[in-house]
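Since the structure comes first, as structure tokens, the remarks are kept for the end.
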Amino acid sequence: MPGVSLEARELSKWFGSRTAVDSVSFTAHDGEVIGLLGPNGAGKTTTIRMLSTVLPPTGGDFSVAGVPSSRPADIRARIGVLPESAGYPMHQTGLEYLTYHGRLFGLSREDARQTAVRLLGQVGLADRAQSRISTYSRGMRQRLGIARALVNNPSVVFLDEPTLGLDPAGQREILALVRAIAEARGTTVVLSTHTLPEVEQVCSSVLILDKGRVLVSGSVAEVTSTEASSRQSGHLRVPPDQVARASEVLRGVPGVSVEVAKDVVTVTSSDGLNEALSAVLDARVTVLSFEVDGVRLSDAFLAMTRGGVS
Ligand SMILES: Nc1ncnc2c1ncn2[C@@H]1O[C@H](COP(=O)(O)OP(=O)(O)OP(=O)(O)O)[C@@H](O)[C@H]1O
């Protein structure tokens with residue numbers, strides 16, 4: 001069983017009378033990629049800023065690799081951060097930049113340089129090590145930022161919207177990198193995003209925030225199955241001359257809503273679809289096919305935040 005790398009207990013932050021984060025609790029393990037998901041203003045960045053010791057919590061506490069939040073300097077030695085909008089010294093090369101940060105963490109000149117070379121290789125920037133950062137694309141700068149977050153070999157890495165503003169290829173590269181960091185190094189990655197498919201692709205667990213509160217947390221599979229059990233849709237294909245009969249029968253089943261497009265009848269029910277299908281068969285309608293939708297995390301998220309996502 002992997003060890004606990006991050007534990008937040010009732011973490012809260014108020015700005016004046018505004019509650020940005022409200023009693024957030026969760027646990028993350030070594031090698032886990034945990035997605036912080038939520039609409040604008042949900043409290044994702046504030047949560048990351050507290051966990052990375054930039055902002056003191058108003059209430060609650062947390063620990064990183066067993067180090068309590070009352071020791072922020074020791075926590076900073078064990079974490080890496082890619083902030084939402086990271087700035088870079090454009091005149092430096094990638095190699096100089098990472099070497100400098102290695103030195104800040106107390107590495108010798110030679111160790112810092114070796115670490116920088118290794119990390120540049122890991123993030124796919126080996127061939128641009130000697131180029132000035134000003135010549136890097138946005139995706140390359142994000143990868144450099146991730147390399148910087150790994151300089152001190154952290155237990156936990158926080159990535160605040162790492163794919164924001166990247167094209168699909170750039171997004172894919174970052175997500176592959178996130179996966180590699182968690183798998184190869186056993187690092188815990190906390191990744192905040194608005195982009196739902198991103199969580200489905202790369203995260204093992206998810207924390208959905210809305211208005212500062214945790215709406216739901218758990219593995220991606222658990223969160224989607226919670227939603228799946230509460231609402232299900234299926235697509236019924238029948239011969240064209242039986243579509244009207246099928247939809248009439250289905251409209252008579254309690255709790256079922258029906259939409260018809262050509263010869264496909266889409267059935268949605270909060271009580272499962274067995275009763276709807278039985279009613280159609282009892283009415284001797286010929287069923288050519290019946291396909292139940294898989295519920296995606298995006299459906300769960302949209303249902304839970306009532307559409308509050310861009
Ligand atoms: N320094 C601050 N002073 C006052 N209010 C703040 C401050 N920082 C954040 N807030 C408020 O806290 C709430 C949560 O903001 P936060 O930036 O954490 O959300 P978010 O989920 O990261 O949003 P986004 O996806 O837009 O980045 C918002 O209502 C925001 O206006």
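Going by the structure tokens order, chains are called A, B, ..., each with residues numbered from 1, while ligands are numbered from 1 in the order shown.
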So that I can see what lies close to A:Val292, please list as a list in words the residues with an atom at most 9 Å from it, counting only C-alpha atoms and leaving out residues fewer than 4 positions away in the same chain. Gln232, Ser233, Gly234, His235, Leu236 and Leu273 of chain A
Using only C-alpha atoms and all ligand atoms, find each protein or nucleic acid residue lying at most 10 Å from ligand 1; present the set as a ChimeraX atom specification. /A:13-21,36-50,55,84,160-161,192-194,209-212,309-310
Nearest residue to A:Val206 out of A:Val190, A:Leu166, A:Val157, A:Leu107, using only C-alpha atoms? A:Val190
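For the residues A:Arg185, A:Lys262, A:Arg284, A:Arg138, ranking by smallest atom-to-atom distance to A:Glu32 using only C-alpha atoms places A:Arg185 first.
Nearest-residue note for A:His91: choosing from A:Ser289, A:Ser219, A:Thr135, A:Ser5, the minimum distance belongs to A:Thr135, counting only C-alpha atoms.
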Counting only C-alpha atoms, which residue out of A:Thr286, A:Ser137, A:Asn274, A:Ser269 sits closest to A:Gly170? A:Ser137
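Using only C-alpha atoms, the contacts of A:Ile34 at a cut-off of 8 Å, with sequence neighbours closer than 6 positions omitted, comprise Ala28, Thr188, Val189, Val190, Leu191, Cys203, Ser204, Ser205, Val206 and Leu207 of chain A.
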Could you write out, as a PyMOL selection string, all the residues of stretch 12-224 of chain A that DSSP marks as strand (DSSP E)? chain A and resi 12-15+18-29+33-37+59-64+67-68+79-82+156-160+188-193+205-210+213-219
Would you mind writing down, as a ChimeraX atom specification, each residue of stretch 100-266 of chain A that DSSP on the backbone assigns to alpha helix (DSSP H)? /A:100-104,109-122,138-149,168-185,196-202,220-230,243-251
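Within 10 Å of A:Arg103, once only C-alpha atoms are used and residues closer than 6 positions along the same chain are dropped, the contacting residues are A:Arg109, A:Glu110, A:Asp111, A:Ala112, A:Arg113, A:Val151, A:Asn152.
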Nearest residue to A:Pro56 from the set A:Ala283, A:Val123, A:Leu11, A:Ala261 (distances using only C-alpha atoms): A:Leu11
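Shortest separation to A:Leu6 among A:Arg71, A:Ala147, A:Val156, A:Gly87 occurs at residue A:Val156, atoms counted being only C-alpha atoms.
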Neighbour list for stretch 248-260 of chain A as a PyMOL selection string, cut-off 7 Å, only C-alpha atoms, skip fewer than 5 positions in-chain: chain A and resi 265-270+276+279-280
Please provide as a PyMOL selection string all residues within 7 Å of A:Met90, with the sequence filter that same-chain residues fewer than 6 positions apart are discarded (counting only C-alpha atoms). chain A and resi 132-134
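As for atom CA of A:Asp271 and atom CA of A:Val214, they are spaced 25.8 Å apart.
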